[in-house]
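Okay, final.cif now, which holds mmCIF, C-alpha atoms:
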```cif
data_data
#
loop_
_atom_site.label_atom_id
_atom_site.label_comp_id
_atom_site.auth_asym_id
_atom_site.auth_seq_id
_atom_site.Cartn_x
_atom_site.Cartn_y
_atom_site.Cartn_z
CA MET J 1 0.63 35.88 14.83
CA ASN J 2 -2.88 35.36 16.12
CA ASP J 3 -4.46 32.05 17.10
CA GLN J 4 -6.27 31.56 13.78
CA GLN J 5 -3.09 32.03 11.76
CA MET J 6 -1.24 29.61 14.03
CA PHE J 7 -4.06 27.08 13.68
CA ASP J 8 -4.09 27.44 9.88
CA ARG J 9 -0.32 27.06 9.74
CA ASN J 10 -0.33 23.93 11.90
CA LEU J 11 -3.25 22.46 9.95
CA ASN J 12 -1.33 23.05 6.72
CA ILE J 13 1.72 21.28 8.16
CA PHE J 14 -0.39 18.29 9.25
CA ALA J 15 -2.06 18.15 5.82
CA ARG J 16 1.33 18.06 4.09
CA ILE J 17 2.55 15.32 6.44
CA ALA J 18 -0.63 13.31 5.75
CA ILE J 19 -0.11 13.67 1.99
CA TRP J 20 3.51 12.51 2.26
CA LEU J 21 2.50 9.55 4.43
CA PHE J 22 -0.19 8.60 1.91
CA LYS J 23 2.36 8.77 -0.93
CA ALA J 24 4.72 6.64 1.15
CA LEU J 25 1.91 4.11 1.52
CA VAL J 26 1.33 4.13 -2.24
CA TYR J 27 5.02 3.56 -2.91
CA CYS J 28 5.57 1.17 0.02
CA PRO J 29 6.53 -1.85 -2.15
CA LEU J 30 9.42 0.18 -3.54
CA ILE J 31 10.41 1.44 -0.10
CA PHE J 32 10.19 -1.99 1.57
CA THR J 33 12.11 -3.69 -1.21
CA SER J 34 14.83 -1.06 -1.19
CA PHE J 35 15.04 -1.25 2.61
CA TYR J 36 15.50 -5.02 2.37
CA ILE J 37 18.13 -4.72 -0.37
CA VAL J 38 20.12 -1.98 1.37
CA PHE J 39 20.16 -3.49 4.83
CA SER J 40 20.98 -6.98 3.58
CA PHE J 41 24.25 -5.59 2.15
CA MET J 42 25.08 -2.95 4.76
CA LYS J 43 27.38 -3.56 7.66
CA GLU J 44 26.68 -2.64 11.26
CA GLU J 45 29.15 0.27 11.37
CA THR J 46 27.41 2.19 8.56
CA SER J 47 25.57 5.30 9.72
CA SER J 48 21.79 5.38 9.71
CA LEU J 49 21.79 8.59 7.66
CA MET J 50 23.78 6.87 4.95
CA GLY J 51 21.40 3.90 5.14
CA LEU J 52 18.41 6.22 4.72
CA GLY J 53 20.05 7.88 1.73
CA LEU J 54 20.73 4.51 0.14
CA VAL J 55 17.13 3.39 0.74
CA ILE J 56 15.88 6.52 -1.01
CA LEU J 57 18.33 6.01 -3.90
CA VAL J 58 17.41 2.34 -4.35
CA SER J 59 13.69 3.25 -4.14
CA PHE J 60 14.14 5.66 -7.05
CA ILE J 61 16.05 3.03 -9.00
CA LEU J 62 13.20 0.55 -8.43
CA TYR J 63 10.70 3.26 -9.46
CA PHE J 64 12.64 3.71 -12.71
CA ILE J 65 12.70 -0.07 -13.25
CA VAL J 66 8.91 -0.20 -12.85
CA TYR J 67 8.51 2.54 -15.46
CA PHE J 68 11.05 0.82 -17.73
CA LEU J 69 8.85 -2.29 -17.55
CA LYS J 70 5.79 -0.13 -18.21
CA GLY J 71 7.49 1.05 -21.41
CA VAL J 72 8.08 -2.59 -22.34
CA ILE J 73 4.41 -3.36 -21.64
CA ILE J 74 3.15 -0.45 -23.76
CA CYS J 75 5.44 -1.31 -26.68
CA LEU J 76 4.57 -5.01 -26.62
CA LYS J 77 0.85 -4.28 -26.32
CA GLY J 78 1.06 -1.66 -29.09
CA ASN J 79 2.63 -4.27 -31.37
CA ASN J 80 -0.06 -6.86 -30.54
CA ARG J 81 2.33 -9.23 -28.78
CA ILE J 82 0.73 -11.42 -26.11
CA LEU J 83 4.01 -11.34 -24.17
CA TRP J 84 2.97 -7.97 -22.68
CA MET J 85 0.93 -9.84 -20.07
CA LEU J 86 4.00 -11.24 -18.28
CA PRO J 87 5.61 -7.89 -17.30
CA PHE J 88 2.11 -6.52 -16.64
CA ILE J 89 1.37 -9.26 -14.09
CA ILE J 90 4.80 -8.80 -12.50
CA CYS J 91 4.36 -5.02 -12.19
CA VAL J 92 0.81 -5.20 -10.84
CA ALA J 93 1.72 -7.92 -8.35
CA PHE J 94 4.72 -5.93 -7.13
CA THR J 95 3.13 -2.49 -6.90
CA CYS J 96 -0.53 -3.13 -6.05
CA ILE J 97 -0.92 -6.27 -3.95
CA LEU J 98 1.38 -5.35 -1.05
CA PRO J 99 -0.39 -2.02 -0.34
CA VAL J 100 -3.73 -3.89 -0.14
CA TYR J 101 -2.37 -6.14 2.60
CA ILE J 102 -0.70 -3.24 4.42
CA VAL J 103 -3.95 -1.28 4.74
CA LEU J 104 -6.13 -4.35 5.38
CA ASP J 105 -5.60 -4.61 9.16
CA PRO J 106 -5.69 -0.86 9.94
CA ILE J 107 -8.92 -0.48 7.96
CA GLY J 108 -10.34 -3.54 9.69
CA ASN J 109 -9.48 -2.07 13.09
CA LEU J 110 -10.97 1.29 12.10
CA VAL J 111 -14.21 -0.32 10.91
CA LYS J 112 -14.38 -2.48 14.03
CA SER J 113 -13.79 0.45 16.39
CA SER J 114 -16.35 2.66 14.62
CA SER J 115 -19.02 -0.02 14.69
CA HIS J 116 -21.24 -0.64 17.70
CA SER J 117 -21.74 -4.31 16.93
CA GLN J 118 -19.08 -6.95 17.49
CA THR J 119 -19.29 -8.52 14.02
CA GLU J 120 -16.13 -8.85 11.96
CA HIS J 121 -17.10 -6.60 9.00
CA SER J 122 -14.54 -8.36 6.82
CA THR J 123 -16.45 -7.46 3.67
CA ILE J 124 -16.16 -3.74 4.37
CA LYS J 125 -12.45 -3.90 5.15
CA TRP J 126 -11.79 -5.91 1.98
CA ILE J 127 -13.80 -3.43 -0.11
CA PHE J 128 -11.79 -0.49 1.22
CA SER J 129 -8.49 -2.34 0.89
CA ILE J 130 -9.17 -3.41 -2.68
CA ALA J 131 -10.34 0.12 -3.49
CA PHE J 132 -6.98 1.36 -2.24
CA GLY J 133 -5.24 -1.25 -4.42
CA VAL J 134 -7.22 0.01 -7.42
CA TYR J 135 -6.16 3.57 -6.56
CA VAL J 136 -2.52 2.46 -6.46
CA TYR J 137 -2.96 0.74 -9.83
CA PHE J 138 -4.31 3.94 -11.37
CA ARG J 139 -1.35 5.87 -9.96
CA TYR J 140 0.86 3.74 -12.23
CA ASP J 141 -1.78 3.09 -14.95
CA PHE J 142 0.23 0.36 -16.63
CA LEU J 143 -1.87 0.16 -19.80
CA THR J 144 -1.87 3.88 -20.60
CA ASN J 145 0.91 5.42 -22.66
CA ILE J 146 1.99 8.10 -20.19
CA ALA J 147 4.71 8.54 -17.59
CA PRO J 148 5.57 11.18 -14.97
CA SER J 149 8.33 13.59 -15.94
CA ILE J 150 10.85 12.16 -13.47
CA ALA J 151 10.39 8.59 -14.77
CA PHE J 152 10.01 9.52 -18.44
CA PRO J 153 13.60 8.66 -19.46
CA ALA J 154 13.26 5.14 -18.01
CA TYR J 155 9.85 4.76 -19.66
CA GLN J 156 11.23 5.89 -23.03
CA ALA J 157 14.19 3.52 -22.59
CA GLY J 158 11.75 0.61 -22.08
CA ILE J 159 9.94 1.50 -25.29
CA ASP J 160 13.20 1.93 -27.22
CA PHE J 161 14.64 -1.33 -25.86
CA THR J 162 11.55 -3.30 -26.83
CA THR J 163 11.38 -1.69 -30.26
CA THR J 164 14.97 -2.70 -31.02
CA ILE J 165 14.36 -6.30 -29.92
CA LEU J 166 11.14 -6.81 -31.88
CA LYS J 167 11.35 -7.45 -35.57
CA HIS J 168 8.77 -5.64 -37.71
CA SER J 169 7.67 -3.49 -34.80
CA TYR J 170 5.49 -0.44 -34.68
CA ARG J 171 7.19 2.53 -32.99
CA VAL J 172 5.19 3.70 -29.98
CA LYS J 173 5.60 7.38 -29.14
CA ALA J 174 5.96 7.89 -25.39
CA GLN J 175 3.95 10.65 -23.72
CA LYS J 176 4.98 12.65 -20.67
CA SER J 177 2.48 13.67 -18.00
CA ASN J 178 2.50 16.94 -16.08
CA GLU J 179 2.98 15.16 -12.75
CA SER J 180 6.49 15.06 -11.35
CA ILE J 181 6.23 11.69 -9.58
#
```
Would you mind writing the file out in structure tokens?
Amino acid sequence: MNDQQMFDRNLNIFARIAIWLFKALVYCPLIFTSFYIVFSFMKEETSSLMGLGLVILVSFILYFIVYFLKGVIICLKGNNRILWMLPFIICVAFTCILPVYIVLDPIGNLVKSSSHSQTEHSTIKWIFSIAFGVYVYFRYDFLTNIAPSIAFPAYQAGIDFTTTILKHSYRVKAQKSNESI
């Protein structure tokens, strides 16, 4: 293997790690919440590998709950019920606000270190942080009738559950996206 091939291989590995870290940042509310839930119930003698497995499992359960609520939102909104705003606000607050605050300080430090002046640049860091929050919102896209293939059963269950509760409801047909997660 020559130097160029080794460089390309290492660059590819770093790119994949960066993509996974970015996805972890997008899904950090789920990860943090599951970490808190798991380690509030775990005992000291439990292995860390088992704890990591439980955090991943609870994160997926929370992911499914978010998509279940998205199904509720879509069905309520499709039936012109104003109640759709309550689960919408809960989902957006849970999934989008925490990532904004997580990236706020690192972006502020990056802007401050790249600038030659000693001003705060708080406007720039807020713009980038809110832009990241908007990106996270569009990853979930709570007002669009679509769900990733892995979360589709939970999404469909949310629509079905809401349809059975509502009287005189319009049946919303769930759509599956090509993305896996």
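If only C-alpha atoms are the atoms counted, then among J:Thr33, J:Thr164, J:Ser177, J:Gln4 the closest residue to Ile146 of chain J is J:Ser177.
Near Val172 of chain J, within a cut-off of 8 Å and counting all atoms listed in the file, sit the residues Ile74, Cys75, Gly78 and Ile159 of chain J, with same-chain residues fewer than 5 positions away left out.
The smallest atom-to-atom distance between Ile165 of chain J and any of J:Ile56, J:Ile150, J:Val136, J:Val72, using only C-alpha atoms, is found for J:Val72.
Restricting the calculation to all atoms listed in the file, the smallest distance between Ser34 of chain J and any of J:Leu166, J:Ile17, J:Leu69, J:Val55 is found for J:Val55.
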Given the PyMOL selection byres ((chain J and resi 59) around 12), the residues it picks as a PyMOL selection string:
chain J and resi 24+27-38+52-58+60-66
Generate the missing atoms of segment 39-60 of chain J up to N, CA and C atoms and report them as a short mmCIF file (atom, residue, chain, number, x, y, z; two decimals), in the frame of the given file.
```cif
data_model
loop_
_atom_site.label_atom_id
_atom_site.label_comp_id
_atom_site.auth_asym_id
_atom_site.auth_seq_id
_atom_site.Cartn_x
_atom_site.Cartn_y
_atom_site.Cartn_z
N PHE J 39 19.71 -3.00 3.54
CA PHE J 39 20.16 -3.49 4.83
C PHE J 39 20.59 -4.96 4.81
N SER J 40 20.40 -5.64 3.70
CA SER J 40 20.98 -6.98 3.58
C SER J 40 22.44 -6.89 3.17
N PHE J 41 22.86 -5.77 2.56
CA PHE J 41 24.25 -5.59 2.15
C PHE J 41 25.04 -4.67 3.06
N MET J 42 24.37 -3.89 3.90
CA MET J 42 25.08 -2.95 4.76
C MET J 42 25.69 -3.64 5.96
N LYS J 43 26.74 -3.05 6.46
CA LYS J 43 27.38 -3.56 7.66
C LYS J 43 26.90 -2.76 8.86
N GLU J 44 27.15 -3.27 10.02
CA GLU J 44 26.68 -2.64 11.26
C GLU J 44 27.27 -1.25 11.48
N GLU J 45 28.50 -1.01 11.07
CA GLU J 45 29.15 0.27 11.37
C GLU J 45 28.74 1.40 10.43
N THR J 46 27.88 1.15 9.47
CA THR J 46 27.41 2.19 8.56
C THR J 46 26.40 3.08 9.28
N SER J 47 26.47 4.37 9.03
CA SER J 47 25.57 5.30 9.72
C SER J 47 24.14 5.16 9.22
N SER J 48 23.20 5.50 10.08
CA SER J 48 21.79 5.38 9.71
C SER J 48 21.41 6.42 8.67
N LEU J 49 22.07 7.56 8.67
CA LEU J 49 21.79 8.59 7.66
C LEU J 49 22.22 8.11 6.27
N MET J 50 23.35 7.43 6.22
CA MET J 50 23.78 6.87 4.95
C MET J 50 22.84 5.75 4.50
N GLY J 51 22.37 4.95 5.45
CA GLY J 51 21.40 3.90 5.14
C GLY J 51 20.11 4.48 4.60
N LEU J 52 19.63 5.57 5.20
CA LEU J 52 18.41 6.22 4.72
C LEU J 52 18.61 6.78 3.32
N GLY J 53 19.75 7.37 3.07
CA GLY J 53 20.05 7.88 1.73
C GLY J 53 20.10 6.78 0.69
N LEU J 54 20.68 5.64 1.06
CA LEU J 54 20.73 4.51 0.14
C LEU J 54 19.35 3.92 -0.12
N VAL J 55 18.50 3.87 0.93
CA VAL J 55 17.13 3.39 0.74
C VAL J 55 16.38 4.28 -0.23
N ILE J 56 16.54 5.58 -0.10
CA ILE J 56 15.88 6.52 -1.01
C ILE J 56 16.41 6.35 -2.43
N LEU J 57 17.72 6.20 -2.58
CA LEU J 57 18.33 6.01 -3.90
C LEU J 57 17.85 4.71 -4.55
N VAL J 58 17.85 3.62 -3.80
CA VAL J 58 17.41 2.34 -4.35
C VAL J 58 15.91 2.39 -4.66
N SER J 59 15.12 3.10 -3.85
CA SER J 59 13.69 3.25 -4.14
C SER J 59 13.47 3.94 -5.48
N PHE J 60 14.25 4.99 -5.76
CA PHE J 60 14.14 5.66 -7.05
C PHE J 60 14.58 4.76 -8.19
#
```
